[in-house]
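Next comes data24.txt, with compact mmCIF, C-alpha atoms.
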```txt
# COMPACT_ATOMS: atom_id res chain seq x y z
CA MET W 1 -16.10 -0.43 16.88
CA LEU W 2 -17.19 -4.08 17.19
CA ARG W 3 -20.94 -3.36 17.06
CA GLN W 4 -21.22 -2.84 13.35
CA PRO W 5 -23.78 -3.95 10.73
CA LYS W 6 -23.08 -7.00 8.60
CA ALA W 7 -22.44 -4.74 5.61
CA VAL W 8 -19.51 -3.12 7.40
CA TRP W 9 -18.00 -6.47 8.40
CA ALA W 10 -18.41 -7.81 4.87
CA THR W 11 -16.59 -4.83 3.38
CA ALA W 12 -13.92 -4.85 6.09
CA GLY W 13 -13.32 -8.58 5.60
CA ALA W 14 -12.91 -8.11 1.87
CA SER W 15 -10.52 -5.23 2.63
CA VAL W 16 -8.31 -7.55 4.66
CA VAL W 17 -7.99 -9.89 1.69
CA ALA W 18 -7.44 -6.98 -0.72
CA PHE W 19 -4.51 -5.68 1.33
CA MET W 20 -3.16 -9.21 1.70
CA GLY W 21 -2.61 -9.15 -2.05
CA ILE W 22 0.13 -6.52 -1.74
CA GLY W 23 2.55 -8.67 0.25
CA LEU W 24 1.23 -12.06 -0.80
CA VAL W 25 4.01 -12.72 -3.30
CA ASP W 26 6.84 -11.60 -1.01
CA PRO W 27 7.80 -15.01 0.47
CA ILE W 28 7.40 -16.81 -2.87
CA LEU W 29 9.35 -14.46 -5.15
CA PRO W 30 12.40 -16.77 -5.19
CA SER W 31 10.10 -19.76 -5.78
CA ILE W 32 8.40 -18.00 -8.68
CA ALA W 33 11.77 -17.12 -10.17
CA LYS W 34 12.85 -20.76 -9.94
CA GLY W 35 9.54 -22.15 -11.18
CA LEU W 36 9.37 -19.88 -14.23
CA ASP W 37 13.13 -19.77 -14.87
CA ALA W 38 13.18 -15.99 -14.41
CA THR W 39 15.65 -13.47 -12.99
CA PRO W 40 14.92 -11.38 -9.87
CA SER W 41 14.39 -8.26 -12.00
CA GLN W 42 11.85 -10.11 -14.14
CA VAL W 43 9.95 -11.45 -11.14
CA SER W 44 9.97 -8.02 -9.49
CA LEU W 45 7.85 -6.83 -12.40
CA LEU W 46 4.97 -8.46 -10.51
CA PHE W 47 5.06 -5.40 -8.27
CA THR W 48 5.85 -2.97 -11.08
CA SER W 49 2.88 -3.92 -13.26
CA TYR W 50 0.59 -4.06 -10.22
CA PHE W 51 1.44 -0.59 -8.95
CA LEU W 52 1.82 1.05 -12.35
CA ILE W 53 -1.78 0.14 -13.14
CA THR W 54 -2.79 1.16 -9.62
CA ALA W 55 -1.25 4.62 -10.12
CA VAL W 56 -3.06 5.23 -13.39
CA ALA W 57 -6.29 3.76 -12.00
CA MET W 58 -6.32 6.45 -9.30
CA LEU W 59 -7.46 8.88 -11.98
CA VAL W 60 -10.32 6.54 -12.89
CA THR W 61 -11.70 5.27 -9.58
CA GLY W 62 -13.38 8.52 -8.55
CA PHE W 63 -14.74 8.95 -12.06
CA VAL W 64 -16.27 5.47 -11.93
CA SER W 65 -17.61 5.45 -8.35
CA SER W 66 -19.24 8.89 -8.71
CA ARG W 67 -21.24 7.52 -11.66
CA ILE W 68 -22.15 3.93 -10.78
CA GLY W 69 -22.07 4.13 -6.97
CA GLY W 70 -19.93 2.61 -4.24
CA LYS W 71 -21.36 -0.92 -4.13
CA LYS W 72 -21.05 -1.51 -7.87
CA THR W 73 -17.50 -0.13 -7.84
CA LEU W 74 -16.57 -2.50 -5.00
CA LEU W 75 -18.07 -5.47 -6.80
CA ALA W 76 -16.35 -4.57 -10.07
CA GLY W 77 -13.01 -4.41 -8.26
CA LEU W 78 -13.60 -7.70 -6.45
CA ALA W 79 -14.64 -9.44 -9.67
CA LEU W 80 -11.48 -8.29 -11.45
CA VAL W 81 -9.29 -9.54 -8.60
CA VAL W 82 -11.02 -12.94 -8.61
CA VAL W 83 -10.50 -13.32 -12.35
CA PHE W 84 -6.92 -12.10 -12.57
CA ALA W 85 -5.68 -13.73 -9.34
CA GLY W 86 -7.04 -17.04 -10.61
CA LEU W 87 -5.44 -16.51 -14.02
CA ALA W 88 -2.12 -15.62 -12.33
CA GLY W 89 -2.05 -19.09 -10.80
CA THR W 90 -2.25 -20.65 -14.26
CA SER W 91 0.65 -18.62 -15.73
CA GLY W 92 3.12 -20.48 -17.89
CA SER W 93 5.64 -17.67 -18.14
CA VAL W 94 6.72 -14.64 -16.13
CA GLY W 95 5.28 -12.39 -18.86
CA GLU W 96 1.81 -13.88 -18.41
CA LEU W 97 2.08 -13.56 -14.64
CA VAL W 98 3.12 -9.90 -14.88
CA GLY W 99 0.18 -9.18 -17.18
CA PHE W 100 -2.32 -10.86 -14.88
CA ARG W 101 -0.92 -8.94 -11.90
CA ALA W 102 -1.62 -5.73 -13.82
CA GLY W 103 -5.29 -6.68 -14.13
CA TRP W 104 -5.27 -7.59 -10.45
CA GLY W 105 -3.91 -4.12 -9.66
CA LEU W 106 -6.81 -2.47 -11.50
CA GLY W 107 -9.33 -4.48 -9.52
CA ASN W 108 -7.60 -3.77 -6.23
CA ALA W 109 -7.47 -0.04 -6.98
CA LEU W 110 -11.21 0.07 -7.68
CA PHE W 111 -11.94 -1.82 -4.47
CA VAL W 112 -9.66 -0.26 -1.88
CA SER W 113 -10.12 3.32 -3.10
CA THR W 114 -13.86 2.96 -2.42
CA ALA W 115 -13.92 0.70 0.64
CA LEU W 116 -13.40 3.33 3.34
CA ALA W 117 -16.13 5.62 2.02
CA VAL W 118 -18.50 2.64 1.95
CA ILE W 119 -17.53 1.54 5.48
CA VAL W 120 -17.99 5.08 6.82
CA GLY W 121 -21.37 5.38 5.13
CA ALA W 122 -22.66 2.09 6.53
CA ALA W 123 -21.00 2.09 9.96
CA ALA W 124 -22.63 2.62 13.34
CA GLY W 125 -21.00 4.88 15.93
CA GLY W 126 -19.61 7.60 13.66
CA SER W 127 -16.70 7.86 11.30
CA ALA W 128 -14.00 7.44 13.98
CA ALA W 129 -15.00 3.84 14.72
CA ALA W 130 -15.32 3.09 11.00
CA ILE W 131 -11.89 4.50 10.23
CA LEU W 132 -10.29 2.52 13.05
CA LEU W 133 -11.95 -0.63 11.73
CA TYR W 134 -10.65 0.09 8.23
CA GLU W 135 -7.12 0.81 9.44
CA SER W 136 -7.21 -2.42 11.45
CA ALA W 137 -8.27 -4.32 8.33
CA LEU W 138 -5.43 -2.71 6.42
CA GLY W 139 -2.84 -3.67 9.01
CA LEU W 140 -4.19 -7.20 9.37
CA GLY W 141 -4.09 -7.66 5.61
CA MET W 142 -0.54 -6.36 5.28
CA ALA W 143 0.56 -8.71 8.08
CA CYS W 144 -1.30 -11.81 6.91
CA GLY W 145 -0.50 -11.53 3.19
CA PRO W 146 3.07 -12.81 3.53
CA LEU W 147 1.93 -15.49 5.98
CA LEU W 148 -0.70 -16.82 3.56
CA GLY W 149 1.81 -16.64 0.74
CA ALA W 150 4.26 -18.72 2.77
CA LEU W 151 1.76 -21.34 3.93
CA LEU W 152 0.29 -21.97 0.49
CA GLY W 153 3.47 -21.23 -1.44
CA ASP W 154 5.46 -23.88 0.36
CA ALA W 155 3.55 -26.49 -1.67
CA SER W 156 3.49 -24.52 -4.93
CA TRP W 157 3.98 -20.88 -5.87
CA ARG W 158 0.65 -21.10 -7.74
CA TYR W 159 -1.50 -21.84 -4.67
CA PRO W 160 -1.40 -18.34 -3.09
CA PHE W 161 -2.95 -16.90 -6.25
CA PHE W 162 -5.72 -19.48 -6.28
CA GLY W 163 -6.27 -18.94 -2.55
CA THR W 164 -6.65 -15.20 -3.03
CA ALA W 165 -9.16 -15.75 -5.84
CA VAL W 166 -11.28 -17.98 -3.59
CA LEU W 167 -11.18 -15.54 -0.65
CA MET W 168 -12.09 -12.59 -2.85
CA ALA W 169 -14.96 -14.58 -4.35
CA VAL W 170 -16.27 -15.10 -0.80
CA GLY W 171 -15.88 -11.35 -0.24
CA PHE W 172 -17.82 -10.68 -3.45
CA LEU W 173 -20.72 -12.84 -2.22
CA CYS W 174 -20.72 -11.20 1.22
CA VAL W 175 -20.73 -7.66 -0.20
CA THR W 176 -23.50 -8.63 -2.63
CA ALA W 177 -25.63 -10.11 0.15
CA PHE W 178 -25.11 -7.62 2.98
CA LEU W 179 -24.23 -4.22 1.51
CA LYS W 180 -27.01 -1.95 0.28
CA GLU W 181 -26.36 0.39 -2.61
CA GLN W 182 -24.65 3.60 -1.47
CA PRO W 183 -25.92 7.04 -2.53
CA LYS W 184 -24.00 8.58 -5.41
CA PRO W 185 -22.06 11.82 -4.75
CA ALA W 186 -23.83 15.04 -5.61
CA ARG W 187 -20.98 16.03 -7.92
CA LYS W 188 -19.38 13.74 -10.48
CA THR W 189 -15.59 13.59 -10.54
CA SER W 190 -13.80 14.21 -13.82
CA LEU W 191 -10.62 12.43 -14.91
CA LEU W 192 -8.61 15.64 -14.69
CA ASP W 193 -9.74 16.74 -11.22
CA PRO W 194 -6.92 14.86 -9.38
CA ILE W 195 -4.30 16.40 -11.70
CA LYS W 196 -5.72 19.88 -11.12
CA ALA W 197 -5.64 19.31 -7.36
CA LEU W 198 -1.85 18.87 -7.55
CA GLY W 199 -1.62 22.56 -8.42
CA HIS W 200 -1.88 23.22 -4.68
CA GLY W 201 1.64 23.63 -3.29
CA GLY W 202 1.00 21.72 -0.08
CA LEU W 203 -0.53 18.69 -1.80
CA ALA W 204 2.18 18.68 -4.48
CA SER W 205 4.84 18.78 -1.74
CA ALA W 206 3.24 15.90 0.16
CA ALA W 207 3.02 13.88 -3.06
CA ALA W 208 6.65 14.60 -4.00
CA SER W 209 7.93 13.61 -0.57
CA ALA W 210 5.79 10.46 -0.60
CA PHE W 211 7.15 9.58 -4.05
CA PHE W 212 10.69 9.35 -2.66
CA TYR W 213 9.51 7.56 0.47
CA ASN W 214 7.59 4.96 -1.53
CA TYR W 215 10.72 4.08 -3.47
CA THR W 216 12.34 3.18 -0.15
CA PHE W 217 9.24 1.36 1.10
CA PHE W 218 8.98 -0.90 -1.94
CA THR W 219 12.68 -1.56 -2.16
CA VAL W 220 12.26 -3.18 1.25
CA LEU W 221 9.08 -4.99 0.29
CA ALA W 222 10.05 -6.28 -3.16
CA PHE W 223 13.84 -6.65 -3.10
CA THR W 224 14.59 -7.81 0.44
CA PRO W 225 13.19 -11.37 -0.06
CA PHE W 226 16.01 -12.03 -2.55
CA VAL W 227 18.59 -10.70 -0.08
CA LEU W 228 17.27 -12.77 2.83
CA ASP W 229 17.20 -15.89 0.62
CA MET W 230 15.05 -17.85 3.06
CA SER W 231 12.45 -20.57 2.70
CA PRO W 232 8.86 -19.40 2.12
CA TYR W 233 7.97 -20.22 5.74
CA ARG W 234 10.85 -18.22 7.22
CA SER W 235 10.40 -15.31 4.83
CA GLY W 236 6.67 -15.29 5.54
CA ALA W 237 7.34 -15.16 9.28
CA VAL W 238 9.71 -12.21 8.83
CA PHE W 239 7.20 -10.22 6.81
CA PHE W 240 4.35 -11.21 9.13
CA ALA W 241 6.28 -9.61 11.99
CA TRP W 242 7.00 -6.64 9.69
CA GLY W 243 3.29 -6.28 8.97
CA LEU W 244 2.35 -6.47 12.65
CA LEU W 245 4.73 -3.62 13.49
CA LEU W 246 3.36 -1.65 10.55
CA ALA W 247 -0.20 -2.08 11.84
CA VAL W 248 0.60 -1.26 15.47
CA PHE W 249 2.64 1.84 14.67
CA SER W 250 0.17 3.06 12.07
CA VAL W 251 -2.94 2.76 14.22
CA LEU W 252 -1.67 3.18 17.80
CA VAL W 253 1.77 4.79 17.92
CA ALA W 254 1.74 7.39 15.14
CA PRO W 255 -1.23 9.41 16.50
CA ARG W 256 0.41 9.63 19.94
CA LEU W 257 3.70 10.80 18.46
CA GLN W 258 1.90 13.41 16.37
CA ARG W 259 0.07 14.82 19.35
CA ARG W 260 3.33 15.15 21.27
CA PHE W 261 5.80 16.31 18.62
CA GLY W 262 3.75 17.48 15.61
CA SER W 263 3.24 15.75 12.28
CA LEU W 264 6.17 17.18 10.34
CA LYS W 265 8.76 16.49 13.04
CA VAL W 266 7.50 12.93 13.39
CA LEU W 267 7.55 12.40 9.63
CA GLY W 268 10.99 13.88 9.13
CA GLY W 269 12.48 11.93 12.02
CA SER W 270 10.88 8.67 10.92
CA LEU W 271 12.21 9.07 7.36
CA VAL W 272 15.75 9.65 8.64
CA LEU W 273 15.51 6.58 10.90
CA LEU W 274 14.18 4.54 7.97
CA ALA W 275 17.19 5.62 5.89
CA ALA W 276 19.55 4.42 8.64
CA ASP W 277 17.61 1.18 8.97
CA VAL W 278 17.85 0.25 5.26
CA LEU W 279 21.58 1.03 5.23
CA VAL W 280 22.14 -1.45 8.07
CA LEU W 281 19.85 -3.89 6.27
CA GLY W 282 22.02 -3.68 3.17
CA TYR W 283 25.44 -3.82 4.83
CA GLY W 284 24.84 -5.84 8.00
CA SER W 285 24.92 -9.57 8.66
CA HIS W 286 22.04 -11.85 7.74
CA THR W 287 20.67 -11.57 11.28
CA ALA W 288 20.91 -7.78 11.10
CA ALA W 289 19.08 -7.84 7.77
CA VAL W 290 16.22 -9.84 9.30
CA VAL W 291 15.97 -7.52 12.31
CA CYS W 292 16.10 -4.37 10.17
CA THR W 293 13.46 -5.73 7.79
CA VAL W 294 11.08 -6.27 10.69
CA LEU W 295 11.99 -2.93 12.28
CA SER W 296 11.32 -1.04 9.05
CA GLY W 297 7.64 -1.90 9.53
CA ALA W 298 7.51 0.49 12.49
CA PHE W 299 8.86 3.45 10.50
CA ILE W 300 6.70 2.60 7.49
CA GLY W 301 3.60 2.45 9.70
CA VAL W 302 4.29 5.91 11.13
CA ASN W 303 5.05 7.38 7.71
CA ASN W 304 1.92 5.95 6.14
CA THR W 305 -0.34 7.49 8.76
CA VAL W 306 1.23 10.96 8.60
CA TYR W 307 1.32 11.04 4.80
CA THR W 308 -2.35 10.02 4.70
CA GLU W 309 -3.34 12.90 6.94
CA LEU W 310 -1.22 15.40 5.03
CA ALA W 311 -2.71 14.35 1.71
CA LEU W 312 -6.28 14.53 3.01
CA GLY W 313 -5.93 17.77 4.94
CA VAL W 314 -3.32 20.03 3.40
CA SER W 315 -5.34 21.33 0.44
CA ASP W 316 -8.86 22.63 -0.04
CA ALA W 317 -9.66 20.05 -2.73
CA PRO W 318 -12.36 17.45 -1.95
CA ARG W 319 -10.68 14.62 -0.10
CA PRO W 320 -11.35 11.91 -2.70
CA VAL W 321 -9.87 14.16 -5.38
CA ALA W 322 -6.83 15.11 -3.27
CA SER W 323 -6.28 11.45 -2.40
CA ALA W 324 -6.43 10.42 -6.06
CA GLY W 325 -3.92 13.07 -7.15
CA TYR W 326 -1.56 12.22 -4.32
CA ASN W 327 -1.74 8.49 -5.04
CA PHE W 328 -1.27 9.05 -8.76
CA VAL W 329 2.17 10.54 -8.02
CA ARG W 330 3.42 8.29 -5.25
CA TRP W 331 2.45 4.92 -6.73
CA PHE W 332 4.78 5.49 -9.66
CA ALA W 333 7.65 5.11 -7.20
CA ALA W 334 6.10 1.86 -5.94
CA ALA W 335 6.15 0.67 -9.55
CA ALA W 336 9.75 1.83 -10.15
CA ALA W 337 11.49 0.44 -7.03
CA PRO W 338 10.81 -3.28 -7.60
CA TYR W 339 12.24 -3.00 -11.11
CA PHE W 340 15.25 -0.78 -10.48
CA ALA W 341 16.46 -2.36 -7.22
CA PRO W 342 17.47 -5.72 -8.80
CA LYS W 343 18.73 -3.90 -11.90
CA ILE W 344 20.98 -1.74 -9.73
CA GLU W 345 22.27 -4.92 -8.10
CA GLU W 346 23.08 -6.34 -11.55
CA TRP W 347 24.94 -3.15 -12.47
CA SER W 348 26.85 -2.88 -9.17
CA ASP W 349 26.47 -5.15 -6.13
CA ILE W 350 23.86 -6.21 -3.62
CA HIS W 351 24.52 -3.28 -1.25
CA ILE W 352 23.90 -0.37 -3.61
CA PRO W 353 20.09 -0.78 -3.96
CA PHE W 354 19.85 -0.11 -0.24
CA VAL W 355 22.12 2.93 -0.52
CA VAL W 356 19.76 4.30 -3.17
CA ALA W 357 16.78 3.49 -0.92
CA ALA W 358 18.41 5.34 1.99
CA VAL W 359 19.04 8.36 -0.24
CA THR W 360 15.43 8.46 -1.41
CA ALA W 361 14.19 8.34 2.20
CA LEU W 362 16.45 11.30 2.99
CA LEU W 363 15.17 13.12 -0.10
CA GLY W 364 11.65 12.62 1.20
CA ALA W 365 12.68 14.14 4.53
CA GLY W 366 14.40 16.98 2.65
CA VAL W 367 11.19 17.83 0.80
CA VAL W 368 9.31 17.92 4.11
CA TRP W 369 11.89 20.30 5.58
CA ALA W 370 12.18 22.54 2.50
CA ARG W 371 8.42 22.76 2.01
CA ARG W 372 7.43 22.87 5.68
CA ALA W 373 5.74 26.24 5.25
CA ALA W 374 3.37 24.80 2.65
CA LEU W 375 2.74 21.72 4.78
CA THR W 376 2.59 23.27 8.25
CA HIS W 377 -0.87 24.87 8.36
CA GLU W 378 -3.00 21.76 8.25
CA ALA W 379 -0.38 19.40 9.63
CA GLU W 380 0.17 21.32 12.84
CA GLU W 381 -3.13 23.07 13.51
CA LEU W 382 -5.56 20.24 12.91
CA GLU W 383 -5.85 17.12 15.04
CA PRO W 384 -4.59 13.98 13.30
CA ARG W 385 -7.26 12.33 11.24
CA HIS W 386 -7.43 9.56 8.70
CA ALA W 387 -10.44 10.66 6.68
CA THR W 388 -13.95 12.05 7.00
CA GLU W 389 -17.36 11.09 5.78
CA ASP W 390 -16.85 12.69 2.36
CA GLY W 391 -13.42 11.21 1.80
CA VAL W 392 -11.60 8.13 0.68
CA THR W 393 -8.46 7.15 2.50
CA VAL W 394 -5.10 6.97 0.78
CA PHE W 395 -4.55 3.49 -0.49
CA ALA W 396 -1.88 1.43 1.06
CA ASN W 397 -1.21 2.89 4.36
```

Would you kindly transcribe this structure into structure tokens?
Amino acid sequence: MLRQPKAVWATAGASVVAFMGIGLVDPILPSIAKGLDATPSQVSLLFTSYFLITAVAMLVTGFVSSRIGGKKTLLAGLALVVVFAGLAGTSGSVGELVGFRAGWGLGNALFVSTALAVIVGAAAGGSAAAILLYESALGLGMACGPLLGALLGDASWRYPFFGTAVLMAVGFLCVTAFLKEQPKPARKTSLLDPIKALGHGGLASAAASAFFYNYTFFTVLAFTPFVLDMSPYRSGAVFFAWGLLLAVFSVLVAPRLQRRFGSLKVLGGSLVLLAADVLVLGYGSHTAAVVCTVLSGAFIGVNNTVYTELALGVSDAPRPVASAGYNFVRWFAAAAAPYFAPKIEEWSDIHIPFVVAAVTALLGAGVVWARRAALTHEAEELEPRHATEDGVTVFAN
């Protein structure tokens, strides 16, 4: 895995920074709220705008990359992130910041939805080594995002945005210098292909289950910082540990569990455990909330891996198309949770958002159980896999 061309390392390095952008704002959400005189529900729109645009962009990324090629798509995504991350740091109101995060989400969608295919195409040693490298970059980015946000955000909530812009600009230069243009696919993808792919019962079931799961996932990611009410450094350390567990369980533990117990049993059991975890997070002491936040990374890592494999293998649609349709559905929940969780707190109390999150995790498990016949064939008969040479991984493992 380590003996790769410079092009692969350049793309993988940029991928680390791209995934850092997801959790970057976690430790500084309270600081942003204070600095811009905004409520938690207003600040949580940073996630909502980001993932709403990401969801819609999933219908566009395949259309774009199949026409202009992988390298140009990567560079377009990186350029958008540089521009909008930099603009986010200059925001004078929460409305401006939310708008700039939306543009950032478009750039990130273009980049990360293409990065794996580019890494696989340029890598030495076959697709397995390339996929492992990509998954490692994903986990490292998810772990380091909150840490970078804490380190820079302790001085000012604006600095993490400027820091991301600088790092992505370096990634842009590296990709420009080291990555050769990738061959265009033989068949161009239409905007409606991902929607048509959802007509397959297995893919639709995986997407529906992942929709409920993602609501739980992003309740933890976007709402918990307000519950923990810690300094940026402490909050960053908590989510760094969370990200490390996510990476380890996604790359190392989940495949072993799947081989022993089967994908659907692992997924169903992990969703139930995640539901129990968020309930304790919501009703336990502050120490229990910290422990359960970190522990949720393990369940989220397992779930991400299994959902990825289901989405890529359960239907006969081309993998990039199946991935786009699946992501189009599930990212709407990632957009909804950061907005509704603080709203639910305003309407009730601080515990109820976690009750709702536990229920949605159980609903995800219920879909897996009820639709197991549609999901079983590929999930149980094929060896676990993350993607193949003709595919693009599911964003945001």

Across W:Ala12, W:Leu138, W:Ala333, W:Leu375, the smallest distance to Lys265 (chain W), with only C-alpha atoms counted, is shown by W:Leu375

Using all atoms listed in the file, tabulate the residues of region 159-252 of chain W lying at most 8 Å from any atom of region 267-286 of chain W, each with its closest atom pair and that distance in Å to one decimal, by chain and increasing residue number, as JSON lines.
```
{"residue": "W:Tyr213", "atom": "CA", "partner": "W:Leu271", "partner_atom": "CA", "distance": 7.6}
{"residue": "W:Val220", "atom": "CA", "partner": "W:Val278", "partner_atom": "CA", "distance": 7.7}
{"residue": "W:Leu228", "atom": "CA", "partner": "W:His286", "partner_atom": "CA", "distance": 6.9}
```

From the list W:Thr360, W:Thr293, W:Thr164, W:Asn327, the nearest residue to Ala222 (chain W) using all atoms listed in the file is W:Thr293

Residue with the minimum atom-to-atom distance to Ile28 (chain W), picked from W:Asp229, W:Asp193, W:Glu135, W:Glu181 with all atoms listed in the file counted, is W:Asp229

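Take the candidates W:Thr305, W:Ser209, W:Asn214, W:Thr219 and check each one against Trp369 (chain W) using all atoms listed in the file; the shortest distance goes to W:Ser209.
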
field: Nearest candidate to Ala324 (chain W) (options W:Ile344, W:Ala109, W:Ala14, W:Val294; using only C-alpha atoms)
entry: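 Once distances to Ala324 (chain W) are computed over only C-alpha atoms, the minimum belongs to W:Ala109.
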
Mind running region 88-151 of chain W against region 69-80 of chain W at 10 Å and telling me each contacting residue's nearest atom pair with the distance in Å (one decimal), counting only C-alpha atoms, chain and number ascending, as a tab-separated table?
```
residue	atom	partner	partner_atom	distance
W:Gly103	CA	W:Leu80	CA	6.9
W:Trp104	CA	W:Leu80	CA	6.3
W:Gly105	CA	W:Leu80	CA	8.8
W:Leu106	CA	W:Gly77	CA	7.3
W:Gly107	CA	W:Gly77	CA	3.9
W:Asn108	CA	W:Gly77	CA	5.8
W:Ala109	CA	W:Gly77	CA	7.2
W:Leu110	CA	W:Gly77	CA	4.9
W:Phe111	CA	W:Leu74	CA	4.7
W:Val112	CA	W:Leu74	CA	7.9
W:Ser113	CA	W:Leu74	CA	8.9
W:Thr114	CA	W:Gly70	CA	6.3
W:Ala115	CA	W:Leu74	CA	7.0
W:Ala117	CA	W:Gly70	CA	7.9
W:Val118	CA	W:Gly70	CA	6.4
W:Gly121	CA	W:Gly70	CA	9.9
```

Would you put the residues from that selection into a file with C-alpha atoms, as a PDB file, in the frame of the given file?
```
ATOM      1  CA  GLY W 103      -5.290  -6.680 -14.130  1.00  0.00           C
ATOM      2  CA  TRP W 104      -5.270  -7.590 -10.450  1.00  0.00           C
ATOM      3  CA  GLY W 105      -3.910  -4.120  -9.660  1.00  0.00           C
ATOM      4  CA  LEU W 106      -6.810  -2.470 -11.500  1.00  0.00           C
ATOM      5  CA  GLY W 107      -9.330  -4.480  -9.520  1.00  0.00           C
ATOM      6  CA  ASN W 108      -7.600  -3.770  -6.230  1.00  0.00           C
ATOM      7  CA  ALA W 109      -7.470  -0.040  -6.980  1.00  0.00           C
ATOM      8  CA  LEU W 110     -11.210   0.070  -7.680  1.00  0.00           C
ATOM      9  CA  PHE W 111     -11.940  -1.820  -4.470  1.00  0.00           C
ATOM     10  CA  VAL W 112      -9.660  -0.260  -1.880  1.00  0.00           C
ATOM     11  CA  SER W 113     -10.120   3.320  -3.100  1.00  0.00           C
ATOM     12  CA  THR W 114     -13.860   2.960  -2.420  1.00  0.00           C
ATOM     13  CA  ALA W 115     -13.920   0.700   0.640  1.00  0.00           C
ATOM     14  CA  ALA W 117     -16.130   5.620   2.020  1.00  0.00           C
ATOM     15  CA  VAL W 118     -18.500   2.640   1.950  1.00  0.00           C
ATOM     16  CA  GLY W 121     -21.370   5.380   5.130  1.00  0.00           C
TER      17      GLY W 121
END
```

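Between CA of Thr90 (chain W) and CA of Leu173 (chain W) the separation is 23.4 Å.
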
- prompt: What is the distance, in Å and to one decimal place, between CA of Ala358 (chain W) and CA of His200 (chain W)?
  reply: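 Spanning CA of Ala358 (chain W) to CA of His200 (chain W) is a straight-line distance of 27.9 Å.
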
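The interatomic distance for the pair CA of Leu192 (chain W) and CA of Ile53 (chain W) works out to 17.0 Å.
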
_Distance criterion (only C-alpha atoms): nearest to Val94 (chain W) out of W:Ala298, W:Ala38, W:Ala341, W:Ala357_ =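 Selected residue with least distance to Val94 (chain W): W:Ala38.
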
Query - Pro194 (chain W) environment, 8 Å, only C-alpha atoms, sequence neighbours closer than 5 positions dropped, as a PyMOL selection string - result: chain W and resi 59+321-326

query = What lies within 7 Å of region 148-163 of chain W using all atoms listed in the file, ignoring chain neighbours under 3 positions off, as a ChimeraX atom specification?
reply = /W:24-25,27-28,31-32,85-86,88-89,144-145,166-167,232-233,236

List as a list in words: which residues have an atom within 10 Å of (1.7, 7.0, 8.8), counting all atoms listed in the file? Leu246, Ala247, Phe249, Ser250, Val251, Val253, Ala254, Pro255, Gln258, Ser263, Val266, Leu267, Ser270, Ala298, Phe299, Ile300, Gly301, Val302, Asn303, Asn304, Thr305, Val306, Tyr307, Thr308, Glu309, Leu310, His386 and Asn397 of chain W

Please give the centre and size of the box around region 57-76 of chain W (axis-aligned, containing every atom listed in the file, 6 Å added per side), with values in Å to one decimal and written as JSON.
```
{"center_x": -14.2, "center_y": 1.7, "center_z": -8.5, "size_x": 27.9, "size_y": 26.4, "size_z": 20.8}
```
